[in-house]
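J.: My file is coords18.txt. It has compact mmCIF, C-alpha atoms:
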```
# COMPACT_ATOMS: atom_id res chain seq x y z
CA MET A 1 10.80 -21.42 -12.03
CA PRO A 2 7.95 -19.35 -10.60
CA SER A 3 7.54 -15.91 -12.10
CA GLU A 4 8.77 -12.94 -10.13
CA ILE A 5 6.03 -11.16 -8.18
CA PRO A 6 6.04 -7.49 -9.18
CA PRO A 7 6.02 -4.88 -6.43
CA ARG A 8 2.81 -3.14 -5.51
CA TYR A 9 2.46 0.61 -5.16
CA LEU A 10 1.38 2.52 -2.09
CA PHE A 11 0.52 6.07 -3.19
CA ILE A 12 0.43 8.81 -0.54
CA GLY A 13 -1.27 12.12 -1.27
CA GLY A 14 -2.81 15.16 0.33
CA LEU A 15 -2.66 18.91 0.31
CA HIS A 16 0.76 20.47 0.80
CA ARG A 17 1.85 20.76 4.43
CA SER A 18 -0.69 18.17 5.53
CA GLY A 19 1.81 15.57 6.70
CA THR A 20 2.37 13.49 3.56
CA SER A 21 6.16 13.49 4.10
CA LEU A 22 5.67 12.26 7.66
CA VAL A 23 3.45 9.38 6.54
CA ASN A 24 5.94 8.60 3.78
CA ARG A 25 8.74 8.20 6.34
CA LEU A 26 6.58 5.95 8.50
CA ALA A 27 5.63 3.72 5.56
CA ASN A 28 9.25 3.52 4.40
CA ALA A 29 10.24 2.17 7.82
CA LEU A 30 8.22 -1.00 7.28
CA PRO A 31 10.15 -4.11 6.21
CA GLY A 32 9.37 -4.81 2.57
CA ALA A 33 8.38 -1.23 1.81
CA GLY A 34 10.54 1.60 0.51
CA GLY A 35 10.32 4.96 -1.16
CA ILE A 36 12.23 6.88 -3.77
CA THR A 37 15.75 7.72 -2.63
CA GLY A 38 18.74 9.59 -3.95
CA SER A 39 16.94 11.83 -6.42
CA ALA A 40 17.25 15.59 -6.80
CA ALA A 41 13.47 15.94 -6.83
CA PRO A 42 11.85 17.94 -4.03
CA GLU A 43 11.07 15.55 -1.18
CA ASN A 44 11.94 12.68 -3.58
CA GLU A 45 8.46 13.03 -5.05
CA GLY A 46 7.86 10.69 -7.95
CA VAL A 47 5.77 13.18 -9.88
CA TYR A 48 9.03 14.95 -10.83
CA LEU A 49 10.78 11.75 -11.90
CA GLN A 50 8.51 10.53 -14.66
CA GLY A 51 7.57 11.57 -18.16
CA ALA A 52 4.33 9.67 -18.57
CA ILE A 53 2.03 12.28 -17.03
CA PRO A 54 2.90 15.86 -18.02
CA HIS A 55 4.03 17.89 -15.02
CA THR A 56 5.30 21.46 -15.24
CA ALA A 57 6.12 24.22 -12.76
CA GLN A 58 2.45 25.21 -12.91
CA SER A 59 1.20 21.70 -12.19
CA GLY A 60 0.52 20.72 -8.62
CA ARG A 61 0.75 24.25 -7.26
CA PRO A 62 -0.01 24.40 -3.52
CA MET A 63 -3.64 25.30 -2.79
CA HIS A 64 -4.46 25.30 -6.49
CA PHE A 65 -4.10 21.81 -7.96
CA ALA A 66 -6.85 20.13 -5.95
CA THR A 67 -9.60 22.29 -7.47
CA ASN A 68 -8.14 22.47 -10.96
CA PRO A 69 -10.22 20.17 -13.20
CA GLU A 70 -7.17 19.49 -15.37
CA GLU A 71 -5.40 17.98 -12.35
CA HIS A 72 -8.25 15.58 -11.51
CA LEU A 73 -7.18 12.44 -13.36
CA THR A 74 -9.63 9.55 -13.40
CA GLU A 75 -10.15 6.27 -15.23
CA ALA A 76 -11.75 8.29 -18.05
CA HIS A 77 -8.57 10.25 -18.75
CA PRO A 78 -6.78 9.63 -22.09
CA LEU A 79 -3.63 8.72 -20.11
CA ASN A 80 -5.34 5.58 -18.85
CA SER A 81 -3.26 3.36 -21.12
CA LEU A 82 -0.67 0.60 -21.09
CA GLU A 83 1.87 3.09 -22.44
CA THR A 84 1.39 5.35 -19.41
CA LYS A 85 1.74 2.45 -16.98
CA THR A 86 4.86 1.12 -18.68
CA ARG A 87 6.54 4.54 -18.80
CA LEU A 88 5.76 5.26 -15.14
CA ALA A 89 7.15 1.92 -14.01
CA GLN A 90 10.28 2.34 -16.12
CA ASP A 91 10.92 5.91 -15.02
CA TRP A 92 10.47 5.13 -11.33
CA ALA A 93 12.25 1.78 -11.18
CA PRO A 94 15.83 3.16 -10.85
CA TRP A 95 14.89 5.17 -7.77
CA PHE A 96 13.51 2.28 -5.72
CA ALA A 97 15.51 -0.37 -3.92
CA PRO A 98 15.28 -3.82 -5.51
CA ASP A 99 13.14 -6.63 -4.11
CA LEU A 100 10.53 -4.42 -2.47
CA GLN A 101 7.06 -5.75 -1.83
CA TRP A 102 5.71 -2.21 -1.78
CA ARG A 103 7.01 0.82 -3.65
CA VAL A 104 5.92 3.87 -1.67
CA GLU A 105 5.40 6.95 -3.85
CA LYS A 106 4.55 10.22 -2.14
CA SER A 107 3.43 13.23 -4.14
CA PRO A 108 0.72 15.66 -2.94
CA VAL A 109 -0.96 15.48 -6.35
CA ASN A 110 -1.76 11.80 -5.76
CA LEU A 111 -4.79 13.22 -3.96
CA THR A 112 -6.38 13.98 -7.33
CA ARG A 113 -4.93 11.05 -9.30
CA MET A 114 -6.00 8.03 -7.29
CA ARG A 115 -8.63 6.85 -9.73
CA LEU A 116 -6.23 6.94 -12.66
CA MET A 117 -3.43 5.29 -10.68
CA GLN A 118 -5.74 2.49 -9.59
CA HIS A 119 -6.50 1.65 -13.20
CA LEU A 120 -2.84 1.83 -14.19
CA PHE A 121 -1.74 -0.28 -11.18
CA PRO A 122 -4.81 -2.34 -10.16
CA MET A 123 -3.15 -3.73 -7.01
CA SER A 124 -2.15 -0.31 -5.71
CA GLN A 125 -3.38 1.18 -2.43
CA PHE A 126 -3.72 4.76 -1.26
CA ILE A 127 -3.24 6.83 1.87
CA VAL A 128 -4.69 10.33 2.05
CA VAL A 129 -3.39 12.63 4.79
CA LEU A 130 -5.52 15.38 6.33
CA ARG A 131 -4.51 18.21 8.63
CA HIS A 132 -6.58 20.91 10.30
CA PRO A 133 -7.53 23.43 7.59
CA GLU A 134 -6.49 26.39 9.75
CA ALA A 135 -3.01 24.90 10.22
CA VAL A 136 -2.68 24.12 6.51
CA ALA A 137 -3.75 27.63 5.54
CA ALA A 138 -1.29 29.21 7.97
CA SER A 139 1.51 26.88 6.92
CA VAL A 140 1.25 27.64 3.19
CA ALA A 141 0.59 31.37 3.64
CA SER A 142 4.17 32.26 2.71
CA TRP A 143 3.87 30.27 -0.54
CA VAL A 144 0.44 31.36 -1.75
CA ASP A 145 -0.81 34.91 -2.27
CA ALA A 146 -4.37 34.38 -1.07
CA PRO A 147 -6.30 35.19 2.11
CA ALA A 148 -6.61 32.52 4.75
CA GLN A 149 -10.36 32.11 4.21
CA ALA A 150 -9.79 31.35 0.51
CA LEU A 151 -7.18 28.75 1.45
CA ILE A 152 -9.59 27.13 3.86
CA ASP A 153 -12.25 27.09 1.14
CA HIS A 154 -9.74 25.27 -1.09
CA TRP A 155 -9.15 22.72 1.68
CA ILE A 156 -12.88 22.08 1.96
CA ALA A 157 -13.32 21.72 -1.81
CA ALA A 158 -10.35 19.35 -2.03
CA GLN A 159 -11.76 17.00 0.61
CA ALA A 160 -15.22 17.12 -0.98
CA GLN A 161 -13.74 15.97 -4.28
CA MET A 162 -11.80 13.25 -2.49
CA LEU A 163 -15.02 12.02 -0.91
CA ASP A 164 -16.60 11.84 -4.36
CA ASP A 165 -13.65 9.73 -5.55
CA LEU A 166 -13.83 7.21 -2.70
CA PRO A 167 -16.60 5.02 -4.17
CA TYR A 168 -14.33 4.32 -7.15
CA LEU A 169 -11.39 3.15 -5.02
CA HIS A 170 -10.78 -0.36 -3.71
CA ALA A 171 -8.14 0.21 -1.03
CA VAL A 172 -7.73 3.62 0.59
CA MET A 173 -7.10 4.86 4.10
CA VAL A 174 -7.47 8.43 5.37
CA LEU A 175 -5.19 9.50 8.22
CA ARG A 176 -5.26 12.74 10.16
CA TYR A 177 -2.00 14.47 11.01
CA GLU A 178 -3.30 15.21 14.50
CA ASP A 179 -3.94 11.51 15.24
CA ILE A 180 -0.46 10.61 14.00
CA VAL A 181 1.35 13.08 16.27
CA ALA A 182 -0.91 12.16 19.21
CA ASP A 183 -0.13 8.43 18.91
CA ALA A 184 2.54 7.76 16.30
CA PRO A 185 3.04 4.08 17.20
CA ARG A 186 -0.65 3.43 16.55
CA ALA A 187 -0.46 5.28 13.23
CA LEU A 188 2.49 3.11 12.22
CA ARG A 189 0.58 -0.04 13.19
CA ARG A 190 -2.38 1.07 11.08
CA ILE A 191 -0.16 1.66 8.05
CA ALA A 192 1.54 -1.71 8.53
CA ARG A 193 -1.76 -3.56 8.74
CA PHE A 194 -3.18 -1.69 5.77
CA VAL A 195 -0.40 -3.12 3.58
CA ASP A 196 -0.12 -6.39 5.53
CA LEU A 197 3.50 -5.92 6.60
CA PRO A 198 5.13 -6.57 10.01
CA VAL A 199 4.88 -3.84 12.61
CA VAL A 200 8.19 -2.26 13.63
CA ALA A 201 9.32 0.24 16.24
CA LEU A 202 8.66 3.91 15.57
CA PRO A 203 11.66 5.27 13.61
CA GLU A 204 11.56 8.83 14.98
CA GLY A 205 10.10 11.17 17.54
CA ILE A 206 7.22 13.29 16.25
CA ALA A 207 6.21 16.70 17.58
CA ASP A 208 2.86 18.43 17.10
CA GLY A 209 3.52 21.19 14.60
CA ASN A 210 0.01 22.62 14.88
CA GLN A 211 0.97 24.54 18.00
CA THR A 212 3.13 26.74 15.81
CA TYR A 213 -0.04 28.18 14.30
CA ALA A 214 -1.92 29.10 17.47
CA GLY A 215 -3.82 32.30 16.77
CA ALA A 216 -4.15 31.62 13.03
CA THR A 217 -7.23 32.82 11.16
CA GLN A 218 -10.19 30.70 12.20
CA MET A 219 -12.79 29.05 10.03
CA THR A 220 -16.12 30.75 9.50
CA LYS A 221 -19.28 29.10 10.78
CA ALA A 222 -20.05 27.73 7.30
CA GLN A 223 -16.51 26.42 6.87
CA ALA A 224 -16.59 24.82 10.30
CA ALA A 225 -19.78 22.98 9.38
CA GLU A 226 -17.97 21.38 6.43
CA ALA A 227 -14.80 20.58 8.38
CA ALA A 228 -16.75 19.02 11.25
CA ARG A 229 -17.18 15.77 9.30
CA TRP A 230 -13.42 15.27 9.77
CA GLY A 231 -13.48 16.25 13.44
CA TYR A 232 -12.10 19.76 12.95
CA ALA A 233 -13.45 22.87 14.71
CA PRO A 234 -12.38 26.54 14.85
CA GLY A 235 -9.30 27.46 16.87
CA LEU A 236 -7.30 24.38 15.75
CA GLN A 237 -9.62 22.22 17.83
CA VAL A 238 -9.77 18.52 17.02
CA SER A 239 -12.36 16.02 18.21
CA PRO A 240 -12.28 12.21 18.06
CA TRP A 241 -12.86 10.81 14.57
CA PRO A 242 -13.47 7.13 13.73
CA GLY A 243 -11.11 7.09 10.75
CA LEU A 244 -11.75 5.91 7.23
CA ILE A 245 -10.60 2.62 5.73
CA GLN A 246 -11.70 0.87 2.54
CA HIS A 247 -10.24 -2.48 1.53
CA PRO A 248 -11.70 -5.48 -0.30
CA LEU A 249 -10.54 -7.83 2.48
CA ARG A 250 -12.51 -7.67 5.71
CA ALA A 251 -9.53 -9.05 7.65
CA VAL A 252 -7.44 -6.04 6.61
CA ARG A 253 -10.18 -3.57 7.47
CA GLU A 254 -10.64 -5.12 10.89
CA ALA A 255 -6.89 -5.23 11.53
CA VAL A 256 -6.55 -1.53 10.75
CA GLU A 257 -9.51 -0.63 12.92
CA ALA A 258 -8.13 -2.73 15.82
CA ALA A 259 -4.61 -1.29 15.61
```
Can I see the file as structure tokens?

T.:
Amino acid sequence: MPSEIPPRYLFIGGLHRSGTSLVNRLANALPGAGGITGSAAPENEGVYLQGAIPHTAQSGRPMHFATNPEEHLTEAHPLNSLETKTRLAQDWAPWFAPDLQWRVEKSPVNLTRMRLMQHLFPMSQFIVVLRHPEAVAASVASWVDAPAQALIDHWIAAQAQMLDDLPYLHAVMVLRYEDIVADAPRALRRIARFVDLPVVALPEGIADGNQTYAGATQMTKAQAAEAARWGYAPGLQVSPWPGLIQHPLRAVREAVEAA
């Protein structure tokens, strides 16, 4: 008998309040894909349901973890081992439905762990979710005791580190929250084609939450210069952005771009 094909992992990450939960729901709607269900973990995030990578109440803190060197886990980390991979797979397995082609695991800290996860699960793929830095700063303001400008600086530093990680990754796609809410069916098509699964109807209506933060503290001129590479400008303004897709197969890259 042929050997069973193990499921692949689709890891979703990004700063808190960037739209990772939204992208998780979209990915879970695809036939053959599914996320963690039925756990008591916040947002069913897998980071809380495993013992392979130490995670405490201080780990993954909003607007802190992405610039904490201890949270940036790469292929050079001591946890890059068969033991870590085996423990992760064992700890997560009970929370996923059986017979999935793709296990979708969403935890914000995946933003800083992609390089390690790729070595542990070589066939894994990654989605990073961005949202306007002014909206993110305003959204997390009740959680984090820091001025808005410092939170925006953290956003900029987090994306700069992510850019530095991209050359080490085989299959990664960056999505903007604003593009998703502007055309959710297209976003769902792009996710489906990224993981080579059938496209389905949009599972839910999606509203633009950025309007809640009209009047939020704006980026400085220097901050705006950094955010412009992602199509973000002061005053929650968003300009067209070509997107970012890396994949070893040209057919997949072209399918995502044509979606």

J.: Using only C-alpha atoms, which of the listed residues (A:Gly14, A:Pro7, A:Pro31, A:Gly51) sits closest to Pro198 of chain A?

T.: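 Of all the options, A:Pro31 lies closest to Pro198 of chain A.
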
J.: Nearest to Asn110 of chain A: which of A:Phe194, A:Trp155, A:Trp95, A:Phe65 is it, counting only C-alpha atoms?

T.: A:Phe65

J.: So that I can check the surroundings of Thr37 of chain A, please list as an NGL selection string every protein, DNA and RNA residue that reaches within 12 Å of it, counting only C-alpha atoms and ignoring chain neighbours fewer than 3 positions away.

T.: :A and (24-25 or 28 or 34 or 40-46 or 49 or 92-98 or 103-106)

J.: Within 12 Å of Ala224 of chain A, counting only C-alpha atoms, which residues show up once you throw out same-chain ones fewer than 3 positions away? Write them as an NGL selection string, please.

T.: :A and (132-134 or 149 or 152-153 or 155-156 or 218-221 or 227-238)

J.: Write out as number ranges by chain the residues lying within 12 Å of Thr86 of chain A, counting all atoms listed in the file and excluding same-chain residues fewer than 6 positions away.

T.: A: 50-53, 79-80, 92-93, 120-121

J.: For each of A:Ala258, A:Leu30, A:Leu111, A:Val174, take the minimum atom-to-atom distance to Trp241 of chain A, counting all atoms listed in the file, then give the residue where this is smallest.

T.: A:Val174

J.: For atom CA of Leu100 of chain A and atom CA of Met173 of chain A, quote the distance in Å rounded to one decimal.

T.: 21.0 Å

J.: Determine the nearest neighbour of Val199 of chain A from the options A:Ala222, A:Ala33, A:Ala138, A:Ala150, counting only C-alpha atoms.

T.: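 So, comparing all the options, the nearest one is A:Ala33.
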
J.: Just to confirm, what's the straight-line distance from atom CA of Val195 of chain A to atom CA of Ala27 of chain A in Å (one decimal)?

T.: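 Between atom CA of Val195 of chain A and atom CA of Ala27 of chain A the gap is 9.3 Å.
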
J.: For N, CA, C and O atoms, please extract segment 183-216 of chain A from the block and return it as a PDB file, in the first residue's frame.

T.:
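Once everything was written out, this is decode_37.pdb:
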```pdb
ATOM      1  N   ASP A 183     -11.502  43.697  -1.365  1.00  0.00           N
ATOM      2  CA  ASP A 183     -11.899  42.671  -2.339  1.00  0.00           C
ATOM      3  C   ASP A 183     -11.629  41.302  -1.723  1.00  0.00           C
ATOM      4  O   ASP A 183     -10.652  40.628  -2.073  1.00  0.00           O
ATOM      5  N   ALA A 184     -12.496  40.901  -0.810  1.00  0.00           N
ATOM      6  CA  ALA A 184     -12.292  39.640  -0.097  1.00  0.00           C
ATOM      7  C   ALA A 184     -12.329  38.419  -1.013  1.00  0.00           C
ATOM      8  O   ALA A 184     -11.541  37.484  -0.823  1.00  0.00           O
ATOM      9  N   PRO A 185     -13.208  38.356  -2.004  1.00  0.00           N
ATOM     10  CA  PRO A 185     -13.167  37.190  -2.905  1.00  0.00           C
ATOM     11  C   PRO A 185     -11.817  37.024  -3.592  1.00  0.00           C
ATOM     12  O   PRO A 185     -11.326  35.905  -3.754  1.00  0.00           O
ATOM     13  N   ARG A 186     -11.202  38.137  -3.998  1.00  0.00           N
ATOM     14  CA  ARG A 186      -9.879  38.038  -4.630  1.00  0.00           C
ATOM     15  C   ARG A 186      -8.843  37.545  -3.626  1.00  0.00           C
ATOM     16  O   ARG A 186      -7.982  36.724  -3.968  1.00  0.00           O
ATOM     17  N   ALA A 187      -8.913  38.036  -2.386  1.00  0.00           N
ATOM     18  CA  ALA A 187      -7.970  37.577  -1.372  1.00  0.00           C
ATOM     19  C   ALA A 187      -8.107  36.078  -1.154  1.00  0.00           C
ATOM     20  O   ALA A 187      -7.104  35.361  -1.026  1.00  0.00           O
ATOM     21  N   LEU A 188      -9.340  35.589  -1.127  1.00  0.00           N
ATOM     22  CA  LEU A 188      -9.558  34.156  -0.942  1.00  0.00           C
ATOM     23  C   LEU A 188      -9.008  33.365  -2.122  1.00  0.00           C
ATOM     24  O   LEU A 188      -8.410  32.297  -1.948  1.00  0.00           O
ATOM     25  N   ARG A 189      -9.182  33.890  -3.341  1.00  0.00           N
ATOM     26  CA  ARG A 189      -8.614  33.217  -4.518  1.00  0.00           C
ATOM     27  C   ARG A 189      -7.093  33.153  -4.430  1.00  0.00           C
ATOM     28  O   ARG A 189      -6.482  32.130  -4.766  1.00  0.00           O
ATOM     29  N   ARG A 190      -6.472  34.227  -3.976  1.00  0.00           N
ATOM     30  CA  ARG A 190      -5.015  34.254  -3.876  1.00  0.00           C
ATOM     31  C   ARG A 190      -4.524  33.228  -2.858  1.00  0.00           C
ATOM     32  O   ARG A 190      -3.530  32.533  -3.091  1.00  0.00           O
ATOM     33  N   ILE A 191      -5.218  33.121  -1.727  1.00  0.00           N
ATOM     34  CA  ILE A 191      -4.825  32.130  -0.725  1.00  0.00           C
ATOM     35  C   ILE A 191      -4.989  30.727  -1.292  1.00  0.00           C
ATOM     36  O   ILE A 191      -4.104  29.870  -1.126  1.00  0.00           O
ATOM     37  N   ALA A 192      -6.103  30.483  -1.973  1.00  0.00           N
ATOM     38  CA  ALA A 192      -6.359  29.154  -2.544  1.00  0.00           C
ATOM     39  C   ALA A 192      -5.279  28.772  -3.552  1.00  0.00           C
ATOM     40  O   ALA A 192      -4.774  27.640  -3.560  1.00  0.00           O
ATOM     41  N   ARG A 193      -4.892  29.701  -4.386  1.00  0.00           N
ATOM     42  CA  ARG A 193      -3.903  29.385  -5.413  1.00  0.00           C
ATOM     43  C   ARG A 193      -2.501  29.276  -4.826  1.00  0.00           C
ATOM     44  O   ARG A 193      -1.662  28.554  -5.367  1.00  0.00           O
ATOM     45  N   PHE A 194      -2.262  29.962  -3.740  1.00  0.00           N
ATOM     46  CA  PHE A 194      -0.969  29.857  -3.063  1.00  0.00           C
ATOM     47  C   PHE A 194      -0.745  28.445  -2.534  1.00  0.00           C
ATOM     48  O   PHE A 194       0.381  27.928  -2.565  1.00  0.00           O
ATOM     49  N   VAL A 195      -1.812  27.794  -2.064  1.00  0.00           N
ATOM     50  CA  VAL A 195      -1.692  26.433  -1.526  1.00  0.00           C
ATOM     51  C   VAL A 195      -2.257  25.395  -2.491  1.00  0.00           C
ATOM     52  O   VAL A 195      -2.398  24.213  -2.128  1.00  0.00           O
ATOM     53  N   ASP A 196      -2.598  25.824  -3.699  1.00  0.00           N
ATOM     54  CA  ASP A 196      -3.067  24.929  -4.762  1.00  0.00           C
ATOM     55  C   ASP A 196      -4.286  24.121  -4.322  1.00  0.00           C
ATOM     56  O   ASP A 196      -4.334  22.899  -4.467  1.00  0.00           O
ATOM     57  N   LEU A 197      -5.286  24.821  -3.806  1.00  0.00           N
ATOM     58  CA  LEU A 197      -6.552  24.208  -3.425  1.00  0.00           C
ATOM     59  C   LEU A 197      -7.677  24.869  -4.213  1.00  0.00           C
ATOM     60  O   LEU A 197      -7.543  25.994  -4.698  1.00  0.00           O
ATOM     61  N   PRO A 198      -8.832  24.185  -4.341  1.00  0.00           N
ATOM     62  CA  PRO A 198      -9.953  24.766  -5.093  1.00  0.00           C
ATOM     63  C   PRO A 198     -10.467  26.054  -4.454  1.00  0.00           C
ATOM     64  O   PRO A 198     -10.484  26.205  -3.232  1.00  0.00           O
ATOM     65  N   VAL A 199     -10.888  26.971  -5.311  1.00  0.00           N
ATOM     66  CA  VAL A 199     -11.478  28.219  -4.838  1.00  0.00           C
ATOM     67  C   VAL A 199     -12.925  27.959  -4.437  1.00  0.00           C
ATOM     68  O   VAL A 199     -13.652  27.204  -5.094  1.00  0.00           O
ATOM     69  N   VAL A 200     -13.349  28.569  -3.342  1.00  0.00           N
ATOM     70  CA  VAL A 200     -14.721  28.421  -2.862  1.00  0.00           C
ATOM     71  C   VAL A 200     -15.331  29.805  -2.674  1.00  0.00           C
ATOM     72  O   VAL A 200     -14.650  30.827  -2.781  1.00  0.00           O
ATOM     73  N   ALA A 201     -16.624  29.824  -2.376  1.00  0.00           N
ATOM     74  CA  ALA A 201     -17.307  31.087  -2.141  1.00  0.00           C
ATOM     75  C   ALA A 201     -16.839  31.689  -0.822  1.00  0.00           C
ATOM     76  O   ALA A 201     -16.471  30.978   0.114  1.00  0.00           O
ATOM     77  N   LEU A 202     -16.867  33.009  -0.753  1.00  0.00           N
ATOM     78  CA  LEU A 202     -16.470  33.713   0.455  1.00  0.00           C
ATOM     79  C   LEU A 202     -17.362  33.295   1.615  1.00  0.00           C
ATOM     80  O   LEU A 202     -18.591  33.314   1.502  1.00  0.00           O
ATOM     81  N   PRO A 203     -16.772  32.888   2.763  1.00  0.00           N
ATOM     82  CA  PRO A 203     -17.577  32.354   3.856  1.00  0.00           C
ATOM     83  C   PRO A 203     -18.252  33.407   4.716  1.00  0.00           C
ATOM     84  O   PRO A 203     -19.097  33.078   5.535  1.00  0.00           O
ATOM     85  N   GLU A 204     -17.919  34.692   4.554  1.00  0.00           N
ATOM     86  CA  GLU A 204     -18.454  35.705   5.453  1.00  0.00           C
ATOM     87  C   GLU A 204     -18.350  37.083   4.828  1.00  0.00           C
ATOM     88  O   GLU A 204     -17.551  37.308   3.922  1.00  0.00           O
ATOM     89  N   GLY A 205     -19.165  38.000   5.305  1.00  0.00           N
ATOM     90  CA  GLY A 205     -19.013  39.389   4.920  1.00  0.00           C
ATOM     91  C   GLY A 205     -17.903  40.025   5.736  1.00  0.00           C
ATOM     92  O   GLY A 205     -17.701  39.680   6.893  1.00  0.00           O
ATOM     93  N   ILE A 206     -17.171  40.955   5.145  1.00  0.00           N
ATOM     94  CA  ILE A 206     -16.020  41.556   5.812  1.00  0.00           C
ATOM     95  C   ILE A 206     -16.137  43.074   5.725  1.00  0.00           C
ATOM     96  O   ILE A 206     -16.266  43.633   4.633  1.00  0.00           O
ATOM     97  N   ALA A 207     -16.093  43.725   6.868  1.00  0.00           N
ATOM     98  CA  ALA A 207     -16.161  45.185   6.930  1.00  0.00           C
ATOM     99  C   ALA A 207     -14.771  45.761   7.132  1.00  0.00           C
ATOM    100  O   ALA A 207     -13.871  45.102   7.650  1.00  0.00           O
ATOM    101  N   ASP A 208     -14.596  47.008   6.725  1.00  0.00           N
ATOM    102  CA  ASP A 208     -13.310  47.697   6.873  1.00  0.00           C
ATOM    103  C   ASP A 208     -13.228  48.294   8.272  1.00  0.00           C
ATOM    104  O   ASP A 208     -13.837  49.321   8.564  1.00  0.00           O
ATOM    105  N   GLY A 209     -12.444  47.655   9.137  1.00  0.00           N
ATOM    106  CA  GLY A 209     -12.307  48.123  10.502  1.00  0.00           C
ATOM    107  C   GLY A 209     -11.423  49.340  10.662  1.00  0.00           C
ATOM    108  O   GLY A 209     -11.403  49.951  11.735  1.00  0.00           O
ATOM    109  N   ASN A 210     -10.705  49.728   9.613  1.00  0.00           N
ATOM    110  CA  ASN A 210      -9.809  50.883   9.735  1.00  0.00           C
ATOM    111  C   ASN A 210     -10.570  52.177   9.987  1.00  0.00           C
ATOM    112  O   ASN A 210     -10.030  53.109  10.593  1.00  0.00           O
ATOM    113  N   GLN A 211     -11.804  52.227   9.512  1.00  0.00           N
ATOM    114  CA  GLN A 211     -12.572  53.466   9.679  1.00  0.00           C
ATOM    115  C   GLN A 211     -12.823  53.775  11.150  1.00  0.00           C
ATOM    116  O   GLN A 211     -13.066  54.935  11.512  1.00  0.00           O
ATOM    117  N   THR A 212     -12.738  52.765  11.992  1.00  0.00           N
ATOM    118  CA  THR A 212     -12.908  52.976  13.423  1.00  0.00           C
ATOM    119  C   THR A 212     -11.836  53.900  13.974  1.00  0.00           C
ATOM    120  O   THR A 212     -12.049  54.568  14.999  1.00  0.00           O
ATOM    121  N   TYR A 213     -10.687  53.938  13.311  1.00  0.00           N
ATOM    122  CA  TYR A 213      -9.539  54.666  13.846  1.00  0.00           C
ATOM    123  C   TYR A 213      -9.266  55.968  13.108  1.00  0.00           C
ATOM    124  O   TYR A 213      -8.155  56.501  13.167  1.00  0.00           O
ATOM    125  N   ALA A 214     -10.279  56.502  12.440  1.00  0.00           N
ATOM    126  CA  ALA A 214     -10.118  57.810  11.801  1.00  0.00           C
ATOM    127  C   ALA A 214      -9.748  58.841  12.865  1.00  0.00           C
ATOM    128  O   ALA A 214     -10.330  58.886  13.944  1.00  0.00           O
ATOM    129  N   GLY A 215      -8.758  59.657  12.574  1.00  0.00           N
ATOM    130  CA  GLY A 215      -8.288  60.642  13.536  1.00  0.00           C
ATOM    131  C   GLY A 215      -7.189  60.152  14.447  1.00  0.00           C
ATOM    132  O   GLY A 215      -6.743  60.883  15.342  1.00  0.00           O
ATOM    133  N   ALA A 216      -6.721  58.905  14.242  1.00  0.00           N
ATOM    134  CA  ALA A 216      -5.638  58.359  15.067  1.00  0.00           C
ATOM    135  C   ALA A 216      -4.348  59.120  14.808  1.00  0.00           C
ATOM    136  O   ALA A 216      -4.191  59.807  13.781  1.00  0.00           O
TER     137      ALA A 216
END
```
